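Participant: The structure's right below; bear with me while I get my questions together.
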Amino acid sequence: MKSPEHIPSEPIRVRIAPSPTGTIHLGLARTTLYNWAFAKRHGGKLILRVEDTDRARSTAESEHAILEGLHWLGTDWDEGPVVGGPHAPYHQSERVQEHLAVARRLLESGDAYRCFCTKERLDDLRQEQEAKKETPRYDRLCSQLASDQSAARAVDEPFTLRFRVPEGQTAVDDLVRGRVEFQNAEIDDWVMVRQGGQPTYNFVVVCDDAAMEISHVFRGEEHLVNTPKQILVYRALGLEPPAFGHLPLMLGQDGRKLSKRHGAVSLSKYIAEGYSRDALVNFLCRQGWALDGETEIFSVEQFIASFDPGDVSRAGAVFDFDKLRWMSGEYIHAESPDELALHCAPHMTAAGLMTAEELVQRGDWYREALCLGQERVRLYSEMPGVLGFLFAADASLEYDAKAEKNARKHSERVAELSAYHEHLHPMIELGVDAEVLRDDAKAWVAERNLKFPQLFQPLRCALTGAAGGPDLFSVMALLGPEASLARLAAGIERLA
RNA sequence: GGCCCCAUCGUCUAGUUAGGCCUAGGACACCAGGUUUUCAUCCUGGCGACUGGGGUUCAAAUCCCCAUGGGGUCACCA
């Protein structure tokens, strides 16, 4: 929905409120990016609040993983865990007393009431309603209780606190979707505080957003139907609700909300698989938003400079892995040798090709090798596969079937290889400039009236064992004279 | 099923707010050529969409209605 840009005069305060029950999810990553960009663009603040009230599922490890994931994305927060801030604490579990105080206010004002119904009665009610094909909802039995009666029963009976949904209708002026109206009659008198005094999500989210003076709430579309409940709480509290913007869902290949079922939803998986971070960020921004109709590759700075919630699309976005891979390649192909060296390092060591020490000691060689692989990979993790041949034992280099087939196509392969070996030997030992070797080889081939493949295919097989790959003379330069000659000699025998 | 959201190439999207510039643009993927010592990169071209039906209008992908389809959500989870 495109509208005149909505830039409120109040201080912009947005938030992300992950619950630490797993690793950082792609959906959270994108929501964070959008919130972060909005705050940055308007000079506002991003608040990180950990919604750890589900004590059974929340873990410290998960929280740590999420914070780490947010850092990896390049996002940061102005208030929250680690950095602190004026609205501490930023862990929801530590705010319960505050929540309960608000609940008491609502009880006193009559906007909430005690419900003494037992689980059994509620279950029966639900079954009955389901049997009649009605939408299950509380029948408001306890809403009729007089306050003195309610207070009296509260002494020795367990109860929940329900929100008293008023008559009428509630509209959400959504920054992404426009006005969405709900009939209050459709909204259940939902439980705000459980038996035992644990406040529930729809209630605490309002308490905390209000307490933290959140001005805009950007979150996934799955929250849209919760919004009227929350708006009603703000009203009951005499507060102005924040502006809401519900982002389209990210979908799996099957068109359903992206979830664990689809496999890779955790950011850490993409990190491990070697995607370019900037590409992933770029891609996530593109899920539901476009800079213009043309530009696919753009920086976070560009994103921040032009992000407007009104431009966000309303339809869900299917996650296209192919396009992400392509984008990752675009970023990797544009990297400097130093950036590449840094990003490929973990994959090189994990593959056992080079140790961390060697990476430093042979830094120049390593960078040159990476340059040969650069345009051939789309993920950092593909680099070991592309450069692996450089590290093989010369005599037992593995020949790819296609490479060998290409080499054996040429009946004079052994003769030409031998002749070239003889020709190359004195030269290569004098110096290994790829440029010189290349020009020389081409001249040599021309002199002997050969076609390029007649020499190059067997040579490629002998040197790299692969049917394709980087320029052969750059490869020789990297291999050095000794290994180059050794591989050539081995090839002469092996291709006989 | 109730409520809510959504609907442009297979996918991501531009165009929809202020109807004509749209014989609908870009990108991924795919296909075909070209460049290259090969692979990759790169370049060129091709394929390919306004869900359907009614309106409104001189004019609709754009506005309205209905239908259809897809999704979300219906907890003492967040």
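For the structure tokens, the naming scheme is as follows: chains receive sequential letters (A, B, ...) according to their order of presentation, residues are indexed from 1 within each chain, and ligands are indexed from 1 in presentation order.
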Restrict the distance test to only C-alpha atoms (C1' of nucleotides), flag each residue of chain B within 6 Å of chain A, and return the flagged residues as a count of residues only.

Facilitator: 13

Participant: Using only C-alpha atoms (C1' of nucleotides), determine which residues lie at most 10 Å from G20 of chain B, disregarding the query and same-chain residues fewer than 2 positions distant; provide the list as number ranges by chain.

Facilitator: B: 22, 59-60

Participant: Can you write out the residues you just picked, keeping C-alpha atoms (C1' of nucleotides), as a PDB file, in the first residue's frame?

Facilitator:
```
ATOM      1  C1'   C B  22       1.546  -1.342 -20.483  1.00  0.00           C
ATOM      2  C1'   A B  59     -10.279   4.238 -21.719  1.00  0.00           C
ATOM      3  C1'   A B  60      -8.963  -0.833 -16.355  1.00  0.00           C
TER       4        A B  60
END
```

Participant: Within segment 79-210 of chain A, find each residue whose DSSP state, derived from the backbone, is helix (DSSP H, G or I), and express the selection as a PyMOL selection string.

Facilitator: chain A and resi 92-109+119-131+141-144+147-154+184-186+201-210

Participant: Enter the distance from atom CA of Gln149 of chain A to atom CA of Arg121 of chain A, in Å, rounded to one decimal.

Facilitator: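 Taking atom CA of Gln149 of chain A and atom CA of Arg121 of chain A, their separation equals 19.8 Å.
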
Participant: May I ask for the distance between atom CA of Arg15 of chain A and atom CA of Val217 of chain A, given in Å to one decimal place?

Facilitator: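 If I compute the distance from atom CA of Arg15 of chain A to atom CA of Val217 of chain A, I get 6.9 Å.
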
Participant: Determine which residues of segment 130-345 of chain A receive a DSSP assignment of strand (DSSP E), computed from the backbone, and state them as a ChimeraX atom specification.

Facilitator: /A:160-163,169-174,178-183,191-193,216-220,243-247,250-251,317-318

Participant: Store the residues picked out above in a file with C-alpha atoms, as a PDB file, in the first residue's frame.

Facilitator:
```pdb
ATOM      1  CA  THR A 160      -7.902 -16.695  35.390  1.00  0.00           C
ATOM      2  CA  LEU A 161      -8.230 -13.094  34.395  1.00  0.00           C
ATOM      3  CA  ARG A 162     -10.106 -12.480  31.183  1.00  0.00           C
ATOM      4  CA  PHE A 163     -10.279  -9.349  29.140  1.00  0.00           C
ATOM      5  CA  GLN A 169     -15.726  -2.828  16.220  1.00  0.00           C
ATOM      6  CA  THR A 170     -12.028  -2.288  16.178  1.00  0.00           C
ATOM      7  CA  ALA A 171     -10.023  -1.100  13.221  1.00  0.00           C
ATOM      8  CA  VAL A 172      -6.344  -1.502  12.557  1.00  0.00           C
ATOM      9  CA  ASP A 173      -4.874   1.181  10.338  1.00  0.00           C
ATOM     10  CA  ASP A 174      -2.151  -0.985   9.017  1.00  0.00           C
ATOM     11  CA  GLY A 178      -4.509  -0.162   4.965  1.00  0.00           C
ATOM     12  CA  ARG A 179      -7.546  -0.252   7.230  1.00  0.00           C
ATOM     13  CA  VAL A 180      -8.633  -3.644   8.517  1.00  0.00           C
ATOM     14  CA  GLU A 181     -11.826  -3.851  10.545  1.00  0.00           C
ATOM     15  CA  PHE A 182     -12.877  -6.458  13.054  1.00  0.00           C
ATOM     16  CA  GLN A 183     -16.191  -6.966  14.759  1.00  0.00           C
ATOM     17  CA  VAL A 191      -7.280 -15.009  29.069  1.00  0.00           C
ATOM     18  CA  MET A 192      -4.876 -12.272  30.164  1.00  0.00           C
ATOM     19  CA  VAL A 193      -3.524 -13.947  33.247  1.00  0.00           C
ATOM     20  CA  HIS A 216       5.629   1.315  15.462  1.00  0.00           C
ATOM     21  CA  VAL A 217       5.181  -2.406  15.434  1.00  0.00           C
ATOM     22  CA  PHE A 218       6.323  -4.241  12.314  1.00  0.00           C
ATOM     23  CA  ARG A 219       5.803  -7.955  12.549  1.00  0.00           C
ATOM     24  CA  GLY A 220       4.629 -10.923  10.547  1.00  0.00           C
ATOM     25  CA  ALA A 243       1.147   2.161  14.518  1.00  0.00           C
ATOM     26  CA  PHE A 244       1.117  -1.365  13.134  1.00  0.00           C
ATOM     27  CA  GLY A 245       2.525  -2.780   9.943  1.00  0.00           C
ATOM     28  CA  HIS A 246       2.043  -6.438   9.147  1.00  0.00           C
ATOM     29  CA  LEU A 247       4.621  -7.895   6.829  1.00  0.00           C
ATOM     30  CA  MET A 250       7.774 -15.773   3.852  1.00  0.00           C
ATOM     31  CA  LEU A 251       6.614 -18.987   2.285  1.00  0.00           C
ATOM     32  CA  ALA A 317       6.782 -14.328  -0.780  1.00  0.00           C
ATOM     33  CA  VAL A 318       8.016 -17.770  -1.693  1.00  0.00           C
TER      34      VAL A 318
END
```

Participant: Rounded to one decimal, what separation in Å do you get between atom CA of Gly480 of chain A and atom CA of Arg378 of chain A?

Facilitator: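 It comes out at 27.4 Å.
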
Participant: Any idea what's packed within 10 Å of Tyr399 of chain A, counting only C-alpha atoms (C1' of nucleotides), ignoring anything in its chain fewer than 5 positions away? Could you give it as a list in words?

Facilitator: Phe389, Glu404, Lys405, Cys461, Ala462, Leu463, Thr464, Gly465, Ala466, Ala467, Gly491 and Arg494 of chain A

Participant: For the residues in that selection, give me C-alpha atoms as a compact mmCIF listing (two decimals), in the first residue's frame.

Facilitator:
```
# COMPACT_ATOMS: atom_id res chain seq x y z
CA PHE A 389 43.14 -30.34 -7.00
CA GLU A 404 40.08 -38.35 -18.88
CA LYS A 405 37.66 -38.91 -21.70
CA CYS A 461 43.61 -33.60 -17.21
CA ALA A 462 47.20 -34.13 -16.14
CA LEU A 463 47.39 -30.89 -14.20
CA THR A 464 43.98 -30.67 -12.60
CA GLY A 465 42.20 -33.95 -13.19
CA ALA A 466 39.11 -31.96 -14.11
CA ALA A 467 37.34 -31.31 -17.40
CA GLY A 491 49.98 -37.76 -16.97
CA ARG A 494 48.62 -42.45 -16.92
```

Participant: Just want the 9 Å neighbourhood of segment 150-155 of chain A, counted on only C-alpha atoms (C1' of nucleotides), with same-chain residues fewer than 3 positions away dropped. Output as an MDAnalysis selection string.

Facilitator: chainID A and resid 113:116 142 145:147 158:159

Participant: Keeping all heavy atoms for every residue in the selection just given, could you write it to a file as a short mmCIF file (atom, residue, chain, number, x, y, z; two decimals), in the first residue's frame?

Facilitator:
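Listed below is the output, again-v1.cif:
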```
data_model
loop_
_atom_site.label_atom_id
_atom_site.label_comp_id
_atom_site.auth_asym_id
_atom_site.auth_seq_id
_atom_site.Cartn_x
_atom_site.Cartn_y
_atom_site.Cartn_z
N TYR A 113 -12.00 -9.40 34.11
CA TYR A 113 -12.78 -10.03 35.18
C TYR A 113 -12.21 -11.41 35.49
O TYR A 113 -11.54 -12.02 34.66
CB TYR A 113 -14.26 -10.12 34.80
CG TYR A 113 -14.56 -10.93 33.54
CD1 TYR A 113 -14.76 -12.31 33.60
CD2 TYR A 113 -14.66 -10.30 32.29
CE1 TYR A 113 -15.05 -13.04 32.45
CE2 TYR A 113 -14.94 -11.02 31.15
CZ TYR A 113 -15.14 -12.39 31.23
OH TYR A 113 -15.42 -13.11 30.10
N ARG A 114 -12.50 -11.86 36.71
CA ARG A 114 -12.02 -13.18 37.11
C ARG A 114 -12.94 -14.24 36.51
O ARG A 114 -14.15 -14.08 36.47
CB ARG A 114 -12.05 -13.33 38.64
CG ARG A 114 -11.10 -12.41 39.37
CD ARG A 114 -11.00 -12.81 40.84
NE ARG A 114 -10.28 -11.81 41.63
CZ ARG A 114 -10.83 -10.72 42.16
NH1 ARG A 114 -12.14 -10.49 42.03
NH2 ARG A 114 -10.10 -9.88 42.87
N CYS A 115 -12.30 -15.29 36.04
CA CYS A 115 -13.08 -16.40 35.50
C CYS A 115 -12.75 -17.63 36.33
O CYS A 115 -11.59 -18.03 36.43
CB CYS A 115 -12.73 -16.63 34.03
SG CYS A 115 -13.47 -18.13 33.35
N PHE A 116 -13.76 -18.19 36.93
CA PHE A 116 -13.56 -19.35 37.81
C PHE A 116 -13.88 -20.66 37.13
O PHE A 116 -13.90 -21.71 37.76
CB PHE A 116 -14.42 -19.19 39.07
CG PHE A 116 -14.06 -17.98 39.88
CD1 PHE A 116 -14.73 -16.78 39.71
CD2 PHE A 116 -13.01 -18.04 40.80
CE1 PHE A 116 -14.39 -15.65 40.45
CE2 PHE A 116 -12.67 -16.92 41.55
CZ PHE A 116 -13.35 -15.72 41.37
N CYS A 142 -18.63 -16.02 33.58
CA CYS A 142 -18.13 -15.32 34.76
C CYS A 142 -18.12 -13.81 34.61
O CYS A 142 -17.85 -13.09 35.58
CB CYS A 142 -16.72 -15.80 35.10
SG CYS A 142 -16.70 -17.54 35.59
N LEU A 145 -20.47 -12.03 37.06
CA LEU A 145 -20.25 -12.03 38.51
C LEU A 145 -20.11 -10.62 39.09
O LEU A 145 -19.36 -9.80 38.57
CB LEU A 145 -18.96 -12.82 38.82
CG LEU A 145 -19.06 -14.22 39.41
CD1 LEU A 145 -20.27 -14.98 38.87
CD2 LEU A 145 -17.78 -14.99 39.14
N ALA A 146 -20.81 -10.39 40.18
CA ALA A 146 -20.66 -9.10 40.87
C ALA A 146 -19.28 -9.06 41.48
O ALA A 146 -18.71 -10.08 41.84
CB ALA A 146 -21.72 -8.98 41.96
N SER A 147 -18.73 -7.85 41.61
CA SER A 147 -17.33 -7.76 42.03
C SER A 147 -17.09 -8.28 43.44
O SER A 147 -16.06 -8.88 43.72
CB SER A 147 -16.82 -6.34 41.88
OG SER A 147 -17.53 -5.49 42.76
N PRO A 158 -9.26 -21.06 42.44
CA PRO A 158 -8.35 -20.59 41.40
C PRO A 158 -9.12 -19.90 40.28
O PRO A 158 -10.28 -20.23 40.03
CB PRO A 158 -7.71 -21.89 40.87
CG PRO A 158 -8.65 -22.97 41.23
CD PRO A 158 -9.42 -22.53 42.44
N PHE A 159 -8.48 -18.94 39.66
CA PHE A 159 -9.17 -18.22 38.59
C PHE A 159 -8.17 -17.70 37.55
O PHE A 159 -6.98 -17.61 37.82
CB PHE A 159 -9.96 -17.04 39.17
CG PHE A 159 -9.09 -16.03 39.86
CD1 PHE A 159 -8.52 -14.98 39.17
CD2 PHE A 159 -8.85 -16.15 41.24
CE1 PHE A 159 -7.70 -14.06 39.82
CE2 PHE A 159 -8.03 -15.24 41.90
CZ PHE A 159 -7.44 -14.20 41.18
#
```

Participant: Using only C-alpha atoms (C1' of nucleotides), which residues sit within 12 Å of C65 of chain B once same-chain residues fewer than 4 positions away are excluded, as a list in words?

Facilitator: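 Contacts, in chain order: G53, G54, G55 and U56 of chain B.
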
Participant: From the options B:C31, B:A78, B:A7, B:C47, which residue's atoms come nearest to A61 of chain B, counting only C-alpha atoms (C1' of nucleotides)?

Facilitator: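 Residue with the minimum atom-to-atom distance to A61 of chain B: B:A7.
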